[in-house]
Each structure stands twice: as C-alpha cells, then as structure tokens.
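Undergrad: Sharing query.cif here; it has mmCIF, C-alpha atoms and all ligand atoms.
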```cif
data_run
#
loop_
_atom_site.label_atom_id
_atom_site.label_comp_id
_atom_site.auth_asym_id
_atom_site.auth_seq_id
_atom_site.Cartn_x
_atom_site.Cartn_y
_atom_site.Cartn_z
CA MET A 1 -74.92 -39.33 10.99
CA PRO A 2 -77.49 -37.11 9.29
CA GLU A 3 -80.93 -38.46 8.71
CA GLN A 4 -81.11 -39.76 5.17
CA GLY A 5 -83.71 -38.95 2.58
CA LEU A 6 -85.38 -35.82 1.28
CA ARG A 7 -85.69 -33.03 3.78
CA SER A 8 -89.18 -33.30 5.13
CA GLY A 9 -91.61 -31.37 2.95
CA GLY A 10 -88.88 -30.52 0.44
CA MET A 11 -88.96 -27.19 -1.30
CA VAL A 12 -92.62 -26.45 -0.47
CA ALA A 13 -91.82 -26.67 3.24
CA PHE A 14 -88.67 -24.59 2.79
CA VAL A 15 -90.64 -21.79 1.17
CA ARG A 16 -93.39 -22.03 3.77
CA GLU A 17 -90.77 -21.74 6.51
CA HIS A 18 -89.27 -18.72 4.73
CA PRO A 19 -92.26 -16.51 3.96
CA SER A 20 -90.03 -13.47 3.30
CA LEU A 21 -87.90 -15.31 0.74
CA ARG A 22 -87.19 -12.80 -2.00
CA TYR A 23 -83.78 -13.45 -3.60
CA VAL A 24 -83.23 -16.90 -5.00
CA PHE A 25 -80.03 -18.18 -6.63
CA PHE A 26 -78.97 -21.44 -8.23
CA GLY A 27 -75.37 -22.58 -8.26
CA GLY A 28 -73.58 -25.69 -9.44
CA LYS A 29 -71.24 -27.14 -12.02
CA GLY A 30 -71.67 -26.22 -15.69
CA GLY A 31 -74.58 -27.89 -17.46
CA VAL A 32 -76.29 -29.45 -14.42
CA GLY A 33 -79.56 -27.54 -14.93
CA LYS A 34 -79.13 -24.21 -13.10
CA THR A 35 -80.92 -22.21 -15.78
CA VAL A 36 -83.72 -24.77 -15.96
CA MET A 37 -84.13 -24.68 -12.16
CA ALA A 38 -84.08 -20.88 -12.09
CA GLY A 39 -86.74 -20.82 -14.83
CA ALA A 40 -88.88 -23.42 -13.07
CA ALA A 41 -88.57 -21.62 -9.73
CA ALA A 42 -89.55 -18.30 -11.29
CA VAL A 43 -92.59 -19.83 -12.98
CA TRP A 44 -93.51 -21.52 -9.71
CA PHE A 45 -93.37 -18.30 -7.67
CA ALA A 46 -95.27 -16.37 -10.33
CA ARG A 47 -97.99 -19.04 -10.43
CA GLN A 48 -98.53 -18.36 -6.73
CA GLY A 49 -99.34 -14.77 -7.54
CA LYS A 50 -95.95 -13.27 -6.67
CA ARG A 51 -94.66 -10.57 -8.95
CA THR A 52 -91.46 -12.29 -10.05
CA LEU A 53 -88.38 -11.39 -12.07
CA LEU A 54 -86.19 -14.04 -13.65
CA ALA A 55 -82.88 -12.31 -14.31
CA SER A 56 -79.61 -13.35 -15.88
CA THR A 57 -76.44 -11.45 -15.06
CA ASN A 58 -74.40 -14.03 -16.91
CA PRO A 59 -72.58 -12.65 -19.99
CA VAL A 60 -73.58 -15.84 -21.81
CA HIS A 61 -77.36 -15.67 -21.57
CA SER A 62 -79.77 -18.54 -22.00
CA LEU A 63 -83.12 -17.21 -20.78
CA SER A 64 -84.37 -16.22 -24.22
CA SER A 65 -83.67 -19.71 -25.46
CA LEU A 66 -85.18 -21.29 -22.33
CA LEU A 67 -88.39 -19.27 -22.64
CA GLY A 68 -88.57 -19.22 -26.44
CA GLN A 69 -88.91 -15.45 -26.27
CA ASP A 70 -86.49 -12.54 -26.62
CA VAL A 71 -85.85 -11.06 -23.17
CA PHE A 72 -82.50 -9.42 -23.87
CA GLY A 73 -81.80 -5.92 -22.61
CA ARG A 74 -85.18 -5.14 -21.03
CA HIS A 75 -87.75 -6.52 -18.61
CA GLN A 76 -90.19 -8.55 -20.69
CA ALA A 77 -93.46 -10.07 -19.55
CA VAL A 78 -93.25 -13.83 -20.07
CA ALA A 79 -96.02 -15.06 -22.36
CA GLY A 80 -98.30 -17.57 -20.69
CA VAL A 81 -97.19 -16.81 -17.13
CA PRO A 82 -98.97 -13.92 -15.40
CA ASN A 83 -96.78 -12.11 -12.82
CA LEU A 84 -93.54 -13.23 -14.46
CA TRP A 85 -90.98 -11.01 -16.16
CA ALA A 86 -87.61 -12.02 -17.52
CA TYR A 87 -84.53 -9.95 -18.22
CA GLU A 88 -81.11 -10.70 -19.65
CA ILE A 89 -78.79 -7.90 -18.65
CA ASP A 90 -76.66 -6.44 -21.42
CA THR A 91 -73.25 -7.02 -19.83
CA ALA A 92 -71.32 -5.36 -22.66
CA ASP A 93 -73.33 -2.21 -22.12
CA THR A 94 -72.75 -2.32 -18.36
CA ILE A 95 -69.03 -2.73 -18.87
CA LYS A 96 -69.00 0.24 -21.20
CA ARG A 97 -70.84 2.36 -18.63
CA SER A 98 -68.62 1.12 -15.79
CA LYS A 99 -65.56 2.08 -17.80
CA GLU A 100 -66.88 5.60 -18.31
CA GLU A 101 -67.72 5.92 -14.65
CA ILE A 102 -64.34 4.68 -13.49
CA LYS A 103 -62.57 6.91 -15.99
CA GLU A 104 -64.31 9.84 -14.42
CA LYS A 105 -63.26 8.74 -10.92
CA ILE A 106 -59.66 8.29 -12.00
CA LYS A 107 -59.69 11.75 -13.57
CA TRP A 108 -60.86 13.18 -10.26
CA PHE A 109 -58.14 11.29 -8.50
CA LEU A 110 -55.38 12.38 -10.89
CA LYS A 111 -56.55 15.95 -10.64
CA PHE A 112 -56.71 15.75 -6.87
CA ALA A 113 -53.19 14.34 -6.69
CA ASP A 114 -51.92 16.78 -9.34
CA ILE A 115 -50.71 13.95 -11.55
CA PRO A 116 -50.66 14.98 -15.22
CA THR A 117 -51.57 11.62 -16.83
CA ARG A 118 -54.44 10.55 -19.01
CA ALA A 119 -57.04 8.34 -17.34
CA ASP A 120 -57.81 6.30 -20.47
CA ASP A 121 -54.74 4.08 -20.28
CA PHE A 122 -55.44 3.19 -16.67
CA VAL A 123 -59.03 2.32 -17.42
CA GLU A 124 -58.27 0.19 -20.48
CA THR A 125 -55.78 -1.82 -18.41
CA ALA A 126 -58.20 -2.18 -15.50
CA ALA A 127 -61.01 -3.31 -17.81
CA MET A 128 -58.86 -6.16 -19.17
CA ASN A 129 -59.06 -7.82 -15.78
CA PRO A 130 -61.77 -10.54 -15.72
CA ALA A 131 -62.78 -9.27 -12.29
CA PHE A 132 -63.99 -6.12 -14.02
CA GLU A 133 -66.73 -8.03 -15.83
CA GLU A 134 -67.74 -9.83 -12.66
CA SER A 135 -67.81 -6.60 -10.79
CA ALA A 136 -70.10 -5.11 -13.43
CA MET A 137 -72.38 -8.15 -13.16
CA PHE A 138 -72.46 -7.82 -9.41
CA GLU A 139 -73.39 -4.15 -9.72
CA ASN A 140 -76.20 -5.07 -12.12
CA MET A 141 -77.59 -7.58 -9.72
CA ILE A 142 -77.43 -5.16 -6.81
CA ASN A 143 -79.13 -2.46 -8.86
CA LEU A 144 -82.03 -4.77 -9.66
CA ILE A 145 -82.34 -5.70 -5.99
CA PHE A 146 -82.28 -2.08 -4.85
CA GLU A 147 -84.89 -1.02 -7.39
CA GLY A 148 -87.23 -3.34 -5.50
CA ARG A 149 -89.85 -3.57 -8.25
CA TYR A 150 -90.57 -7.27 -7.69
CA GLU A 151 -91.64 -9.50 -4.82
CA VAL A 152 -89.34 -12.33 -5.84
CA TYR A 153 -86.07 -12.27 -7.80
CA VAL A 154 -84.68 -15.45 -9.26
CA PHE A 155 -81.15 -15.11 -10.58
CA ASP A 156 -79.57 -17.34 -13.16
CA THR A 157 -75.98 -16.95 -12.03
CA ALA A 158 -72.79 -17.70 -13.90
CA PRO A 159 -71.38 -21.22 -13.72
CA THR A 160 -68.26 -22.39 -11.87
CA ALA A 161 -66.68 -20.27 -9.19
CA ASN A 162 -67.97 -16.91 -10.45
CA ALA A 163 -70.92 -16.82 -8.10
CA ARG A 164 -68.70 -17.18 -5.11
CA ARG A 165 -66.17 -14.63 -6.34
CA LEU A 166 -69.04 -12.28 -7.00
CA LEU A 167 -70.05 -12.51 -3.38
CA GLY A 168 -66.58 -12.72 -1.93
CA MET A 169 -65.98 -9.49 -3.73
CA SER A 170 -68.27 -7.64 -1.35
CA ARG A 171 -65.72 -8.38 1.36
CA VAL A 172 -62.79 -7.40 -0.85
CA TYR A 173 -64.64 -4.23 -1.83
CA SER A 174 -65.11 -3.30 1.81
CA LEU A 175 -61.43 -3.83 2.61
CA TRP A 176 -60.39 -1.90 -0.45
CA VAL A 177 -62.79 0.97 0.09
CA ASN A 178 -61.82 1.26 3.76
CA LYS A 179 -58.17 1.50 2.79
CA MET A 180 -58.98 4.08 0.12
CA LEU A 181 -61.02 6.09 2.57
CA GLU A 182 -58.22 6.11 5.12
CA SER A 183 -55.68 7.34 2.62
CA ARG A 184 -58.11 9.90 1.17
CA LYS A 185 -58.68 11.32 4.60
CA GLU A 186 -54.93 11.44 5.31
CA ALA A 187 -54.25 13.09 1.97
CA GLN A 188 -56.98 15.61 2.57
CA ALA A 189 -55.61 16.46 6.03
CA MET A 190 -52.12 16.92 4.58
CA ARG A 191 -53.35 19.13 1.78
CA LEU A 192 -55.09 21.26 4.34
CA GLN A 193 -51.91 21.57 6.40
CA LEU A 194 -49.73 22.33 3.39
CA SER A 195 -52.12 24.69 1.78
CA PHE A 196 -52.66 28.27 2.76
CA ARG A 197 -56.28 27.87 1.96
CA LYS A 198 -58.20 27.23 5.11
CA LYS A 199 -61.35 26.01 3.46
CA GLU A 200 -61.59 22.29 2.77
CA GLU A 201 -61.98 21.48 -0.92
CA LYS A 202 -64.87 19.30 -1.93
CA ASP A 203 -63.63 15.80 -2.65
CA PRO A 204 -65.99 14.04 -5.09
CA LEU A 205 -63.97 10.83 -4.97
CA LEU A 206 -64.30 10.61 -1.23
CA ASP A 207 -68.05 11.15 -1.50
CA TYR A 208 -68.24 8.50 -4.18
CA LEU A 209 -66.30 6.00 -2.07
CA LEU A 210 -68.53 6.64 0.92
CA GLY A 211 -71.62 6.10 -1.21
CA PHE A 212 -70.10 2.98 -2.67
CA GLN A 213 -69.27 1.60 0.74
CA ASP A 214 -72.82 2.21 1.83
CA ARG A 215 -74.15 0.27 -1.18
CA ILE A 216 -71.80 -2.62 -0.54
CA GLY A 217 -72.89 -2.72 3.10
CA LYS A 218 -76.55 -2.82 2.10
CA ALA A 219 -75.93 -5.46 -0.56
CA LYS A 220 -74.10 -7.62 1.91
CA ALA A 221 -76.90 -7.25 4.43
CA VAL A 222 -79.38 -8.49 1.81
CA LEU A 223 -77.25 -11.36 0.58
CA THR A 224 -76.52 -12.69 4.05
CA ASN A 225 -80.09 -12.36 5.31
CA ALA A 226 -81.34 -15.94 5.73
CA ASP A 227 -85.00 -14.85 5.78
CA GLN A 228 -84.80 -13.13 2.40
CA THR A 229 -82.07 -14.91 0.50
CA ALA A 230 -81.34 -18.51 -0.39
CA PHE A 231 -78.80 -20.19 -2.61
CA PHE A 232 -79.79 -23.58 -3.93
CA PHE A 233 -77.20 -25.95 -5.28
CA VAL A 234 -77.97 -28.14 -8.24
CA THR A 235 -76.14 -31.38 -8.87
CA LEU A 236 -76.41 -34.55 -10.88
CA ALA A 237 -75.91 -37.92 -9.23
CA GLU A 238 -72.32 -38.00 -10.46
CA ALA A 239 -68.94 -37.52 -8.84
CA LEU A 240 -67.81 -34.17 -10.30
CA PRO A 241 -70.99 -32.10 -9.85
CA ILE A 242 -71.24 -33.42 -6.28
CA ALA A 243 -67.63 -32.41 -5.56
CA VAL A 244 -68.30 -28.96 -7.01
CA ILE A 245 -71.33 -28.17 -4.85
CA ARG A 246 -69.62 -29.61 -1.80
CA ARG A 247 -66.88 -27.04 -2.28
CA PHE A 248 -69.37 -24.24 -3.07
CA ILE A 249 -71.44 -24.93 0.02
CA GLY A 250 -68.30 -24.76 2.17
CA TRP A 251 -67.31 -21.42 0.64
CA PHE A 252 -70.77 -19.95 0.97
CA LYS A 253 -71.01 -20.96 4.60
CA ASP A 254 -67.66 -19.22 5.19
CA PHE A 255 -69.09 -16.04 3.70
CA GLY A 256 -72.23 -16.28 5.82
CA ILE A 257 -74.42 -16.64 2.74
CA PRO A 258 -77.56 -18.67 3.39
CA VAL A 259 -77.63 -22.07 1.70
CA GLY A 260 -81.20 -23.19 1.03
CA GLY A 261 -80.41 -26.76 0.11
CA VAL A 262 -79.48 -29.20 -2.62
CA ILE A 263 -81.46 -30.19 -5.70
CA VAL A 264 -80.49 -33.38 -7.48
CA ASN A 265 -81.36 -33.19 -11.17
CA GLY A 266 -81.44 -35.64 -14.04
CA LEU A 267 -82.37 -38.80 -12.19
CA ILE A 268 -83.50 -41.84 -14.11
CA ARG A 269 -86.68 -43.16 -12.51
CA ARG A 270 -86.39 -46.66 -11.14
CA GLU A 271 -89.91 -47.50 -12.32
CA ASP A 272 -88.84 -46.70 -15.89
CA VAL A 273 -86.13 -49.35 -15.82
CA THR A 274 -86.88 -53.06 -16.25
CA ALA A 275 -84.77 -56.14 -16.88
CA GLU A 276 -85.46 -55.49 -20.58
CA SER A 277 -83.99 -52.00 -20.47
CA SER A 278 -80.65 -51.58 -22.20
CA GLU A 279 -77.48 -52.27 -20.27
CA PHE A 280 -76.61 -48.61 -20.68
CA VAL A 281 -79.76 -47.48 -18.86
CA ARG A 282 -79.49 -50.16 -16.16
CA ASN A 283 -75.88 -49.17 -15.47
CA ARG A 284 -76.70 -45.50 -15.29
CA LEU A 285 -79.52 -46.14 -12.86
CA GLU A 286 -77.21 -48.17 -10.64
CA MET A 287 -74.49 -45.52 -10.82
CA GLN A 288 -76.96 -42.77 -9.90
CA GLN A 289 -78.33 -44.72 -6.98
CA GLY A 290 -74.82 -45.24 -5.67
CA TYR A 291 -74.15 -41.51 -5.83
CA MET A 292 -77.48 -40.74 -4.18
CA LYS A 293 -76.21 -42.51 -1.07
CA GLN A 294 -73.23 -40.17 -1.13
CA VAL A 295 -75.48 -37.16 -1.65
CA TYR A 296 -77.53 -38.03 1.41
CA GLU A 297 -74.43 -38.61 3.51
CA LEU A 298 -72.87 -35.30 2.48
CA PHE A 299 -75.85 -32.96 2.44
CA PRO A 300 -78.46 -32.82 5.21
CA ASP A 301 -80.78 -30.59 3.18
CA VAL A 302 -81.68 -32.36 -0.04
CA LEU A 303 -84.83 -30.55 -1.13
CA ALA A 304 -85.70 -32.25 -4.39
CA GLU A 305 -84.94 -35.15 -6.68
CA VAL A 306 -85.79 -34.18 -10.23
CA PRO A 307 -86.24 -36.80 -12.93
CA LEU A 308 -84.51 -36.70 -16.27
CA PHE A 309 -87.28 -35.77 -18.68
CA GLU A 310 -87.76 -37.41 -22.04
CA ARG A 311 -86.66 -34.20 -23.76
CA GLU A 312 -84.81 -30.98 -23.07
CA VAL A 313 -86.50 -28.34 -20.96
CA ARG A 314 -87.66 -25.43 -23.10
CA GLY A 315 -90.82 -23.38 -23.02
CA VAL A 316 -93.30 -22.63 -20.29
CA GLU A 317 -95.10 -25.97 -20.46
CA MET A 318 -91.88 -27.90 -19.74
CA LEU A 319 -90.96 -25.42 -17.00
CA ASP A 320 -94.31 -26.06 -15.33
CA ARG A 321 -93.54 -29.78 -15.40
CA VAL A 322 -90.08 -29.25 -13.91
CA ALA A 323 -91.53 -26.91 -11.29
CA ALA A 324 -94.12 -29.49 -10.26
CA ALA A 325 -91.44 -32.19 -10.00
CA THR A 326 -88.99 -29.95 -8.15
CA PHE A 327 -91.03 -27.70 -5.93
CA GLY A 328 -94.37 -29.47 -5.71
CA ALA A 329 -97.83 -28.25 -6.61
CA ALA A 330 -97.92 -24.43 -6.55
N1 LIG A 401 -84.44 -32.71 -15.63
C1 LIG A 401 -84.09 -32.55 -16.91
N2 LIG A 401 -84.58 -33.34 -17.87
C2 LIG A 401 -84.22 -33.18 -19.17
N3 LIG A 401 -83.36 -32.24 -19.60
C3 LIG A 401 -82.85 -31.42 -18.68
C4 LIG A 401 -83.17 -31.50 -17.30
N4 LIG A 401 -82.50 -30.53 -16.63
C5 LIG A 401 -81.79 -29.89 -17.56
N5 LIG A 401 -81.99 -30.39 -18.80
C6 LIG A 401 -81.36 -29.97 -20.05
O1 LIG A 401 -79.96 -29.99 -19.83
C7 LIG A 401 -79.33 -28.92 -20.49
C8 LIG A 401 -78.52 -28.09 -19.49
O2 LIG A 401 -79.40 -27.42 -18.58
P1 LIG A 401 -79.15 -25.91 -18.15
O3 LIG A 401 -78.90 -25.08 -19.32
O4 LIG A 401 -80.25 -25.53 -17.24
O5 LIG A 401 -77.79 -26.11 -17.33
P2 LIG A 401 -76.89 -24.97 -16.64
O6 LIG A 401 -76.42 -25.54 -15.36
O7 LIG A 401 -77.64 -23.70 -16.59
O8 LIG A 401 -75.72 -24.85 -17.68
P3 LIG A 401 -74.59 -23.68 -17.75
O9 LIG A 401 -73.62 -24.05 -16.68
O10 LIG A 401 -74.04 -23.86 -19.12
O11 LIG A 401 -75.29 -22.39 -17.52
C9 LIG A 401 -80.42 -28.15 -21.19
O12 LIG A 401 -80.49 -28.57 -22.51
C10 LIG A 401 -81.68 -28.55 -20.44
O13 LIG A 401 -82.84 -28.48 -21.25
MG MG A 402 -77.17 -21.79 -17.37
#
```
Can you dump the structure from the file as structure tokens?
TA:
Amino acid sequence: MPEQGLRSGGMVAFVREHPSLRYVFFGGKGGVGKTVMAGAAAVWFARQGKRTLLASTNPVHSLSSLLGQDVFGRHQAVAGVPNLWAYEIDTADTIKRSKEEIKEKIKWFLKFADIPTRADDFVETAAMNPAFEESAMFENMINLIFEGRYEVYVFDTAPTANARRLLGMSRVYSLWVNKMLESRKEAQAMRLQLSFRKKEEKDPLLDYLLGFQDRIGKAKAVLTNADQTAFFFVTLAEALPIAVIRRFIGWFKDFGIPVGGVIVNGLIRREDVTAESSEFVRNRLEMQQGYMKQVYELFPDVLAEVPLFEREVRGVEMLDRVAAATFGAA
C-alpha cells in the first residue's frame, strides 16, 4: 500500500532533486489544464532565472491565447517575464518542408533503383497519413532540443495518445531505419557485383538514413534520461481523466520515459464550501474527495493539488498564481 498524500515537498522537492531537469512535458486527457500547467511551469522556471522556452508543437496552438500575446512562428520574449520566450511552431510549414525533403529522398531512391516513376504521387499519399503530421511535430521538437539555446524547455504537447505515439515512434523509426539500412547495403553490394564499375557509387540516401538514425538515437537518449527529462501528468478528480493518465503512465514506463509525477487540477477547496453552499457545489466537492482517494491509491507520486480558480487562467498574472499553487514559491 503506497503512502497516501502529496509526495513530500511536492514539485519544489522534485526540481531540487533533479537539478539538471531541462525538458518538461505535460500530458493528460483533453481540457484538464495541460497548457495552463505548461505555461505556469515555464513562468516558474523563468522566475528562478533560468532561460526558458515554452513551446507548442501541437497543430492546434493555444499559447498565444494563454499569454495574451502573439507567439506564432517565432521565438517571442514573453512580456512581463524576464528569461521567458514562447514559440508556437508552424506545423503547416514544417509539413510542407518535410514533404519537399521526403520527395527528394524518394527521387534518390527511384533513381538508385532505376525505377522511372514520379516521386510526387508517393509523397502526396504518404503525407495523407496522420503519422506524417506527428512525425513532423516530433522533428520540430527534436530540432528545438538540439539547438540547445535554452536552459529549460517546457513543451505543451498534443492531447490524447499523440504524445505517446510521438515517443513510441522513435522505436519504430529505429526498426524501420535499421531495416532500410540493411536492404540498402545489400542492394549496394549487389550493384557492385553486377556492375563492371569497380568504384562504389555515392549513396546519398544511405548517408541520410545513417544521419537520421544518429538523430533518433540522440533524441531517444535525451527523452529517456531521468536527470534531464520529466513528463508530468495532469488530471482532474474525475473518473475519465484518471483512467487516461493511468494508461499513459503505464505506456511511458514501458518506453522507459521518465514520469515526474501527477498533478491534480481543478479542485474545489473544502474551506470554500459551507452548509450554505449550493447542492451542486457540495456534491462536486464530495465527488472530488472520493476520487482523490483513488488518485492516492493509484499514483505514488502526486506532486500537486491545484485549486479551481474563480476564473479561467489567462495572462501572466494568473499564471504566476497557478505556478505558486502548483509548484510553490519560486
Ligand atoms: N485551476 C484552474 N482554475 C480555473 N481554470 C482553469 C484551471 N486549470 C485550467 N483552467 C481553464 O480550463 C480550460 C482548459 O485548460 P487548458 O487549455 O490548459 O487544458 P488542456 O489540457 O491544455 O486542453 P487541450 O487538451 O484542449 O489542449 C482553460 O480555459 C483554462 O483557463
Ligand atoms: Mg492545451
């Protein structure tokens, strides 16, 4: 039976125990407060003097609306928070560039294999696959990480299962690239045998795949490094969001991705509820407290209990309030 209650010291202690923490992610069911938590975390790190980037790789962005400032398409300093930048990645643009890049690779391949077909049809079909968009988002995230311009990166990830697929993809990529490499090497050996030319032709696709594999390896090393990376899971004290993060945490553990802990959001404060409060409020409080028991039974690392504020969370002032309630005094 796990010890019940907040993990001792909560988020402040977690960060103290992880002084190299650099890549921070928030996952959970749709609408539970992932973007709010990412924003609050980013403000919190920046307030401690860390050069911080709050980035969204999600095709449906909400950072501009959260911050009340346009941060689409470029790194923008966040007004009122020194050391904080925010950036919504232009996914459409990335997809366009990815398409061009892949078209080029397919052309190489077709040329190498002496197949007289146009690459465009292949690429258009490939780009219809939803995995293509996720793959582009993953690439964007990795690029930001590799640029290394910031001390802390807080990512506002896509809802539902995308985050996991994004990461699971690194494994699929490796399998796929290894297979491709094997067959490239075989094909190259055969061409050498069949051809009268003794000199090996340069194979740009093979070089590309090797480079790609190297990137994937490095990305995986970062994402599975428990000193540098942590995924936090946000839930409400309700059945469905709890079930969702329970599943997520299981998946992430399978992938060896470090789980920082659980944040419970949207709690009605007991001290705000009296016998005179409406039945609606009293019932909700009781329901939430019932689910909190479940939360503590299921998750040993509950890092924060965040109250439901009297209004939506928008703007830096609200984010500071959420940060104080979630992570403690900076
Ligand atoms: N503790 C809170 N108190 C009051 N409002 C909150 C709180 N947490 C979140 N909200 C509000 O709830 C709404 C949903 O939050 P948010 O956008 O962060 O969720 P999300 O998990 O990112 O959603 P999505 O899955 O759509 O990306 C927002 O309007 C936000 O302002
Ligand atoms: Mg969001």
Undergrad: Can you work out which residues are within 10 Å of ligand LIG 401 (chain A), considering all atoms listed in the file, and then hand them over as a VMD selection string?
TA: chain A and resid 26 to 40 58 60 to 63 65 to 66 156 to 160 234 to 236 264 to 268 305 to 315 318 to 319 321 to 322 325 to 326
Undergrad: Could you save those same residues with C-alpha atoms as a tab-separated table (two decimals), in the coordinates of the input?
TA:
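Generated file (result_9.tsv):
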```tsv
chain	number	residue	atom	x	y	z
A	26	PHE	CA	-78.97	-21.44	-8.23
A	27	GLY	CA	-75.37	-22.58	-8.26
A	28	GLY	CA	-73.58	-25.69	-9.44
A	29	LYS	CA	-71.24	-27.14	-12.02
A	30	GLY	CA	-71.67	-26.22	-15.69
A	31	GLY	CA	-74.58	-27.89	-17.46
A	32	VAL	CA	-76.29	-29.45	-14.42
A	33	GLY	CA	-79.56	-27.54	-14.93
A	34	LYS	CA	-79.13	-24.21	-13.10
A	35	THR	CA	-80.92	-22.21	-15.78
A	36	VAL	CA	-83.72	-24.77	-15.96
A	37	MET	CA	-84.13	-24.68	-12.16
A	38	ALA	CA	-84.08	-20.88	-12.09
A	39	GLY	CA	-86.74	-20.82	-14.83
A	40	ALA	CA	-88.88	-23.42	-13.07
A	58	ASN	CA	-74.40	-14.03	-16.91
A	60	VAL	CA	-73.58	-15.84	-21.81
A	61	HIS	CA	-77.36	-15.67	-21.57
A	62	SER	CA	-79.77	-18.54	-22.00
A	63	LEU	CA	-83.12	-17.21	-20.78
A	65	SER	CA	-83.67	-19.71	-25.46
A	66	LEU	CA	-85.18	-21.29	-22.33
A	156	ASP	CA	-79.57	-17.34	-13.16
A	157	THR	CA	-75.98	-16.95	-12.03
A	158	ALA	CA	-72.79	-17.70	-13.90
A	159	PRO	CA	-71.38	-21.22	-13.72
A	160	THR	CA	-68.26	-22.39	-11.87
A	234	VAL	CA	-77.97	-28.14	-8.24
A	235	THR	CA	-76.14	-31.38	-8.87
A	236	LEU	CA	-76.41	-34.55	-10.88
A	264	VAL	CA	-80.49	-33.38	-7.48
A	265	ASN	CA	-81.36	-33.19	-11.17
A	266	GLY	CA	-81.44	-35.64	-14.04
A	267	LEU	CA	-82.37	-38.80	-12.19
A	268	ILE	CA	-83.50	-41.84	-14.11
A	305	GLU	CA	-84.94	-35.15	-6.68
A	306	VAL	CA	-85.79	-34.18	-10.23
A	307	PRO	CA	-86.24	-36.80	-12.93
A	308	LEU	CA	-84.51	-36.70	-16.27
A	309	PHE	CA	-87.28	-35.77	-18.68
A	310	GLU	CA	-87.76	-37.41	-22.04
A	311	ARG	CA	-86.66	-34.20	-23.76
A	312	GLU	CA	-84.81	-30.98	-23.07
A	313	VAL	CA	-86.50	-28.34	-20.96
A	314	ARG	CA	-87.66	-25.43	-23.10
A	315	GLY	CA	-90.82	-23.38	-23.02
A	318	MET	CA	-91.88	-27.90	-19.74
A	319	LEU	CA	-90.96	-25.42	-17.00
A	321	ARG	CA	-93.54	-29.78	-15.40
A	322	VAL	CA	-90.08	-29.25	-13.91
A	325	ALA	CA	-91.44	-32.19	-10.00
A	326	THR	CA	-88.99	-29.95	-8.15
```
Undergrad: For CA of Val302 (chain A) and CA of Arg51 (chain A), determine how far apart the two atoms are, in Å to one decimal place.
TA: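 Separation of CA of Val302 (chain A) and CA of Arg51 (chain A): 26.9 Å.
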Undergrad: Quick one: what's the axis-aligned box for region 311-315 of chain A, all listed atoms, 8 Å on every side, centre and edges in Å to one decimal, as lines of an AutoDock Vina configuration file?
TA:
```
center_x = -87.8
center_y = -28.8
center_z = -22.4
size_x = 22.0
size_y = 26.8
size_z = 18.8
```
Undergrad: When you draw a straight line from CA of Gly10 (chain A) to CA of Glu297 (chain A), how long is it in Å?
TA: 16.8 Å
Undergrad: May I have the residues within 6 Å of Trp44 (chain A) as a list of chain:residue names, using all atoms listed in the file and disregarding those fewer than 3 positions away in the same chain?
TA: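 Neighbouring residues, sequence-local ones excluded: A:Ala41, A:Arg47, A:Ala323.
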Undergrad: Separation of CA of Lys218 (chain A) and CA of Ile142 (chain A), in Å?
TA: 9.3 Å
Undergrad: Determine, counting all atoms listed in the file, which protein, DNA and RNA residues have an atom within 10 Å of an atom of Glu151 (chain A); residues of the same chain fewer than 6 positions away are not included. Present the result as a list in words.
TA: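 The contact residues come out as Ser20, Leu21, Arg22, Tyr23, Phe45, Ala46, Gly49, Lys50, Arg51, Thr52, Leu53 and Asn83 of chain A.
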Undergrad: Can you tell me, as a list in words, which residues sit within 6 Å of (-78.2, -31.9, 0.2) in the file's frame, using all atoms listed in the file?
TA: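 Counting all atoms listed in the file, I find these residues within 6 Å of (-78.2, -31.9, 0.2): Gly261, Val262, Phe299, Pro300, Asp301 and Val302 of chain A.
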Undergrad: Could you save those same residues with C-alpha atoms as a PDB file, in the frame of the given file?
TA:
```
ATOM      1  CA  GLY A 261     -80.410 -26.760   0.110  1.00  0.00           C
ATOM      2  CA  VAL A 262     -79.480 -29.200  -2.620  1.00  0.00           C
ATOM      3  CA  PHE A 299     -75.850 -32.960   2.440  1.00  0.00           C
ATOM      4  CA  PRO A 300     -78.460 -32.820   5.210  1.00  0.00           C
ATOM      5  CA  ASP A 301     -80.780 -30.590   3.180  1.00  0.00           C
ATOM      6  CA  VAL A 302     -81.680 -32.360  -0.040  1.00  0.00           C
TER       7      VAL A 302
END
```
Undergrad: May I have the residues within 9 Å of Val12 (chain A) as number ranges by chain, using only C-alpha atoms and disregarding those fewer than 2 positions away in the same chain?
TA: A: 9-10, 14-17, 303, 327-330
